[in-house]
Each structure stands twice: as structure tokens, then as C-alpha cells.
Number of protein chains: 2
Amino acid sequence: MTKKAEKPAEAPVRAADRIRASASELFYREGIRAVGVDEVVDRAGVTKPSLYRSFASKDDLAAAYLRDYDLSFWENFERPGGKTYSNARDHVLAYISQLASRAVAKGYRGCGLSNAAVEYPSRDNPARQVAEAHKKVFRKRLRELAAGMGARQPNVLGDALLLLIEGIYVTGQQSEDGPAQSAVAAAKLLIDASVKAG
Amino acid sequence: MTKKAEKPAEAPVRAADRIRASASELFYREGIRAVGVDEVVDRAGVTKPSLYRSFASKDDLAAAYLRDYDLSFWENFERPGGKTYSNARDHVLAYISQLASRAVAKGYRGCGLSNAAVEYPSRDNPARQVAEAHKKVFRKRLRELAAGMGARQPNVLGDALLLLIEGIYVTGQQSEDGPAQSAVAAAKLLIDASVKAG
DNA sequence: GCATTAGTACGTACCGGTCAGTAACATTGT
DNA sequence: ACAATGTTACTGACCGGTACGTACTAATGC
């Protein structure tokens with residue numbers, strides 16, 4: 001028999017990790033308020049005290065879910081479709097294109113962070129704070145990319161793209177076959193009109 | 001004493017109406033799931049049985065709230081700022097301008113109908129059904145107005161404007177001083193690029 | 001070598017509170 | 001009279017959260 005390595009491959013899969021995964025799935029699909037902690041732990045195959053050993057409260061778990069969401073959001077945003085882009089225009093259009101096709105698919109539920117901000121209007125909610133912080137960074141990044149495109153008013157173009165993207169998030173979950181179909185065309189229009197000499 | 005007219009000025013203010021008003025305020029500001037029926041009746045100055053004499057359930061009350069919301073939405077949309085517009089471009093820009101300034105103000109909470117769709121992802125929820133129906137009509141109306149502007153692809157422009165507007169709704173409640181500031185400029189860019197000969 | 005101890009990771013069972021909704025009856029105004 | 005509303009009290013389900021017991025492992029003492 002080989003003796004065990006330091007931290008062996010067959011990890012025990014900590015209860016906290018199972019809870020994070022379960023919470024992510026449920027909170028995203030059904031909303032945070034709609035899901036009780038019992039449902040989270042049941043699906044994770046663990047028990048409630050395990051949840052409260054790793055998370056101070058349901059709000060805290062929700063915040064953790066959104067931090068995870070934020071992480072995977074950026075992975076996807078910076079490499080849309082798994083590709084890296086050096087051209088800002090191509091980069092943004094690739095993201096929007098990929099997003100738009102997800103948004104018209106069945107069962108799409110928009111942006112977990114935006115949804116959380118809708119569910120929790122109070123500023124001192126931990127989940128909302130994660131969402132607000134994320135959106136601030138996202139806005140800055142889009143303005144940066146807009147500048148990279150050579151826009152005359154990069155802040156206006158960045159904001160316009162943000163409005164468009166948030167529009168995709170929210171309308172995508174209202175109906176299939178929604179306005180997200182036109183998003184790429186709209187973005188091109190917006191970018192070209194902002195960049196052209198005028 | 002003068003005897004009362006048919007429907008006199010000093011209306012008795014039915015319990016159902018007080019409940020509708022109270023529910024509208026609370027559901028809009030804090031979200032539907034966040035508000036209990038007790039809070040609704042307390043604020044209305046009535047009692048719970050009165051609620052359930054006029055509404056079959058909380059879901060039913062939520063749907064009524066959204067129907068009211070839909071009504072006042074259209075009043076505002078068709079006469080933004082109290083003015084009537086015959087020019088489609090002016091009309092849409094006036095609506096967006098008026099919306100954008102509300103959206104950057106403190107305490108803005110977005111579109112009650114969109115928010116409800118976020119809170120209730122399940123298609124068979126009565127509140128969501130009202131929201132979905134409304135959005136379908138709104139989309140049609142925007143495409144109509146885009147056609148009225150002489151857009152080459154009215155459906156694309158209409159959808160683009162819808163995405164922009166929904167973006168204002170949702171970002172407006174995430175932060176003051178948000179991207180809605182750039183909404184009018186973005187809309188102009190979008191419209192002009194869609195209408196110009198090409 | 002083997003019991004003792006400590007620490008970790010987890011489950012069982014339960015708490016008090018709040019939720020939506022209701023039953024039965026009293027009160028009011030016209 | 002009768003229709004609309006208030007009063008009171010209740011239900012059963014569910015909610016977030018916790019006190020407490022238990023299995024397993026690793027280190028320690030002798």
C-alpha cells in the first residue's frame with residue numbers, strides 16, 4: 001500500500017463546500033429569500049449546524065454565494081468563450097454575444113448580483129454590499145474598455161454598455177425570445193457611433 | 001345639510017383601497033417577499049380579515065399591486081412629464097430623460113414589475129404573470145415607436161431601447177450616481193445611428 | 001503498547017418567532 | 001335589514017438559529 005500523501009487527491013469534501021455549492025445553485029435559480037436554510041442543507045446532504053459552523057447567518061451565506069459568483073463572473077468576463085482578447089471592441093462584443101445567447105435560452109435567471117440587489121434594497125445587508133461593490137468595479141472596467149476602443153466620451157460609452165448588459169440580465173429572465181436577441185447589434189451601433197470621428 | 005351626491009367627494013375610502021395603497025407603497029419600496037400581510041394591514045389601518053375579504057391570497061394582492069403599477073406606468077409613459085408628444089423620438093427621449101433623473105435620485109427602486117419578475121422566477125406565479133404580460137406590451141410599444149422614428153430596423157432599435165431602459169431600472173437601484181446619467185446620450189446615439197441613411 | 005486526552009467534524013432534537021390564512025362574533029352606518 | 005368592517009383568537013407550517021451529544025483521529029503520557 002502506498003502511504004497517504006500530504007493532502008491526498010480523494011478529498012473528503014468538506015460540509016462547508018457542499019453547502020456553498022448547494023446554496024449557489026438554489027439561491028441563483030430560485031432567489032435568496034425564496035430558499036430556506038433547510039433546503040440548502042438538505043440538498044447539500046448535511047445538517048443545519050454544519051451550516052452555522054461555517055457561516056454566521058443566512059445573510060452571511062448569501063454574501064459568500066455572491067463572492068463566489070463574483071469570482072466566476074470575472075473569469076467568464078475576462079475570457080468570454082474561453083478566448084483572450086487584446087482588442088477592447090472584440091472583447092466586449094464577444095462577452096455580449098455569449099451573454100445574449102444564454103439570455104434567450106430557457107431557464108436563464110440573469111445576474112445573481114443584480115438579482116440580490118433587487119431582493120435586498122437595504123444598504124446594510126451583507127449580500128447587497130457584495131453586489132454593490134461588484135457593480136462599481138464592473139462599471140469602472142467597462143469605462144476602461146470603452147477608453148480602449150477610442151471612444152470620444154469613454155465614460156458615456158462605458159455606462160451605455162453597462163445599461164445594455166444589465167438590460168440583458170433582467171429581460172433575459174422575463175421571457176425567452178426576448179430583446180437580448182438585438183443586443184449585439186445594439187452594442188455595435190453604440191460603439192461605432194461613439195468612436196467614429198465626429 | 002346638503003344631501004350627499006351620487007359618489008360624493010369625501011369618499012368613505014374602502015378598506016380594500018386602503019390595502020391596495022398600503023401594499024403598493026410597501027411592496028414597491030421593500031419588495032413583495034420582504035413584506036408580510038400584517039405589515040400591509042397595519043399601515044393601511046385595517047385588519048387582516050378585511051384583506052382576505054377582498055383578495056384571495058397574498059399572491060393575489062401582489063398581482064393587484066402590479067396591475068395598479070402597470071396602469072400608472074402607462075399614464076406616465078404616454079405623457080412623460082405631463083406632456084404629449086407627436087414625435088416618437090422626442091417622446092422616447094422625454095421618457096428616458098425623466099426616468100434617468102429619477103433613477104439617480106436617492107431611494108429609487110426601479111420598476112416594480114421587473115423587480116417582481118426577479119422575486120418570482122416561477123412562471124405560474126400570478127404576480128409574475130402580470131409582469132410578463134406588461135413587458136410583452138411594452139416591448140411592442142417601443143418597437144412601434146422605433147418604427148415611428150423611421151429606423152431601418154425598428155425591431156432592433158425598439159429592443160435596444162428596451163434593454164437600455166431596463167438597464168436604467170436595475171442600475172438605478174444599485175447606486176445613486178449610477179450609469180443612468182449617460183442614458184439620454186446613449187439613447188440619442190442609438191436612435192440616430194439607427195435612423196441615419198446607411 | 002495502550003489508555004487518556006484534545007480537537008475536529010458532524011448529527012439529533014429542539015427553540016421561539018413569524019408567516020399566511022381562517023373562524024366566530026361584535027359593531028357600525030345607512 | 002344588511003352590508004362592510006373591526007375584534008379576537010387561533011392554526012399549522014415554516015423560518016433562522018442553537019444546545020447538546022457523538023463518532024473519529026491524532027497526539028500525549030506512562
# chains A, B, ... in the order shown; residues from 1 in each chain; ligands from 1

call {"tool": "interface_residues", "arguments": {"of": "chain A", "to": "chain B", "cutoff": "6 Å", "atoms": "only C-alpha atoms", "output": "ChimeraX atom specification"}}
result
/A:156,159-160,163-164,166-167,179,182,186,190

call {"tool": "write_last_selection", "arguments": {"atoms": "N, CA and C atoms", "output": "short mmCIF file (atom, residue, chain, number, x, y, z; two decimals), in the first residue's frame"}}
result
data_model
loop_
_atom_site.label_atom_id
_atom_site.label_comp_id
_atom_site.auth_asym_id
_atom_site.auth_seq_id
_atom_site.Cartn_x
_atom_site.Cartn_y
_atom_site.Cartn_z
N VAL A 156 -19.27 57.77 -21.11
CA VAL A 156 -20.63 57.61 -21.65
C VAL A 156 -20.78 56.26 -22.32
N ASP A 159 -20.81 53.48 -19.68
CA ASP A 159 -22.11 53.42 -18.99
C ASP A 159 -23.20 52.87 -19.90
N ALA A 160 -23.17 53.28 -21.15
CA ALA A 160 -24.17 52.80 -22.10
C ALA A 160 -24.08 51.28 -22.24
N LEU A 163 -25.55 49.71 -19.14
CA LEU A 163 -27.02 49.72 -19.17
C LEU A 163 -27.54 48.60 -20.08
N LEU A 164 -26.91 48.47 -21.21
CA LEU A 164 -27.31 47.43 -22.16
C LEU A 164 -27.16 46.04 -21.55
N GLU A 166 -26.95 45.17 -18.34
CA GLU A 166 -27.91 44.95 -17.25
C GLU A 166 -29.30 44.72 -17.82
N GLY A 167 -29.58 45.37 -18.93
CA GLY A 167 -30.85 45.14 -19.60
C GLY A 167 -30.98 43.70 -20.08
N PRO A 179 -35.66 40.66 -25.95
CA PRO A 179 -34.90 41.69 -26.68
C PRO A 179 -33.39 41.46 -26.69
N SER A 182 -31.31 41.33 -29.89
CA SER A 182 -30.80 42.50 -30.60
C SER A 182 -29.60 43.15 -29.93
N ALA A 186 -27.17 46.22 -31.19
CA ALA A 186 -27.25 47.49 -30.47
C ALA A 186 -25.88 47.93 -29.98
N LEU A 190 -23.84 51.34 -30.92
CA LEU A 190 -23.43 52.23 -29.84
C LEU A 190 -21.92 52.49 -29.90
#

call {"tool": "interface_residues", "arguments": {"of": "chain D", "to": "chain A", "cutoff": "9 Å", "atoms": "only C-alpha atoms (C1' of nucleotides)", "output": "ChimeraX atom specification"}}
result
/D:14-18

call {"tool": "atom_distance", "arguments": {"atom1": "atom CA of Gly148 of chain B", "atom2": "atom CA of Asn87 of chain B"}}
result
7.9 Å

call {"tool": "residues_around", "arguments": {"residues": "Tyr69 of chain B", "least_positions_apart": "5", "cutoff": "8 Å", "atoms": "only C-alpha atoms (C1' of nucleotides)", "output": "PyMOL selection string"}}
result
chain B and resi 24+112-113

call {"tool": "atom_distance", "arguments": {"atom1": "atom CA of Trp74 of chain B", "atom2": "atom CA of Leu26 of chain B"}}
result
20.7 Å

call {"tool": "closest_atom_pairs", "arguments": {"of": "chain C", "to": "chain A", "cutoff": "12 Å", "atoms": "only C-alpha atoms (C1' of nucleotides)", "output": "CSV"}}
result
residue,atom,partner,partner_atom,distance
C:DT8,C1',A:Arg53,CA,11.8
C:DA9,C1',A:Ser50,CA,8.5
C:DC10,C1',A:Ser50,CA,7.0
C:DG11,C1',A:Thr47,CA,6.9
C:DT12,C1',A:Thr47,CA,9.8
C:DA13,C1',A:Pro49,CA,11.7

call {"tool": "residues_around", "arguments": {"residues": "DT27 of chain C", "least_positions_apart": "4", "cutoff": "12 Å", "atoms": "only C-alpha atoms (C1' of nucleotides)", "output": "number ranges by chain"}}
result
D: 4-7

call {"tool": "write_last_selection", "arguments": {"atoms": "C-alpha atoms (C1' of nucleotides)", "output": "tab-separated table (two decimals), in the first residue's frame"}}
result
chain	number	residue	atom	x	y	z
D	4	DA	C1'	-68.98	46.42	5.31
D	5	DT	C1'	-65.76	46.46	8.71
D	6	DG	C1'	-63.50	45.57	13.22
D	7	DT	C1'	-62.10	42.25	17.20

call {"tool": "decode", "arguments": {"residues": "chain C", "atoms": "C-alpha atoms (C1' of nucleotides)", "output": "mmCIF file, in the first residue's frame"}}
result
data_model
loop_
_atom_site.group_PDB
_atom_site.id
_atom_site.type_symbol
_atom_site.label_atom_id
_atom_site.label_comp_id
_atom_site.auth_asym_id
_atom_site.auth_seq_id
_atom_site.Cartn_x
_atom_site.Cartn_y
_atom_site.Cartn_z
ATOM 1 C "C1'" DG C 1 1.709 -0.801 23.657
ATOM 2 C "C1'" DC C 2 -2.199 1.107 25.259
ATOM 3 C "C1'" DA C 3 -5.207 4.199 27.669
ATOM 4 C "C1'" DT C 4 -6.154 9.108 28.056
ATOM 5 C "C1'" DT C 5 -6.939 13.410 26.285
ATOM 6 C "C1'" DA C 6 -7.954 17.046 22.978
ATOM 7 C "C1'" DG C 7 -9.642 18.569 18.799
ATOM 8 C "C1'" DT C 8 -12.380 18.246 14.872
ATOM 9 C "C1'" DA C 9 -16.277 17.394 12.155
ATOM 10 C "C1'" DC C 10 -20.663 16.168 12.224
ATOM 11 C "C1'" DG C 11 -25.749 14.829 13.541
ATOM 12 C "C1'" DT C 12 -30.275 14.803 16.682
ATOM 13 C "C1'" DA C 13 -33.569 17.333 18.537
ATOM 14 C "C1'" DC C 14 -35.365 21.326 19.687
ATOM 15 C "C1'" DC C 15 -36.320 26.575 20.411
ATOM 16 C "C1'" DG C 16 -39.008 30.889 19.936
ATOM 17 C "C1'" DG C 17 -40.790 33.626 16.475
ATOM 18 C "C1'" DT C 18 -43.144 34.729 12.267
ATOM 19 C "C1'" DC C 19 -45.629 33.523 8.332
ATOM 20 C "C1'" DA C 20 -50.136 33.267 5.545
ATOM 21 C "C1'" DG C 21 -54.643 32.341 6.328
ATOM 22 C "C1'" DT C 22 -59.254 31.483 8.984
ATOM 23 C "C1'" DA C 23 -63.290 31.002 12.250
ATOM 24 C "C1'" DA C 24 -66.677 33.194 15.074
ATOM 25 C "C1'" DC C 25 -68.614 37.042 16.566
ATOM 26 C "C1'" DA C 26 -69.365 42.131 17.585
ATOM 27 C "C1'" DT C 27 -70.005 46.776 15.775
ATOM 28 C "C1'" DT C 28 -71.090 50.320 12.785
ATOM 29 C "C1'" DG C 29 -73.555 53.177 9.295
ATOM 30 C "C1'" DT C 30 -77.377 53.856 6.185
#
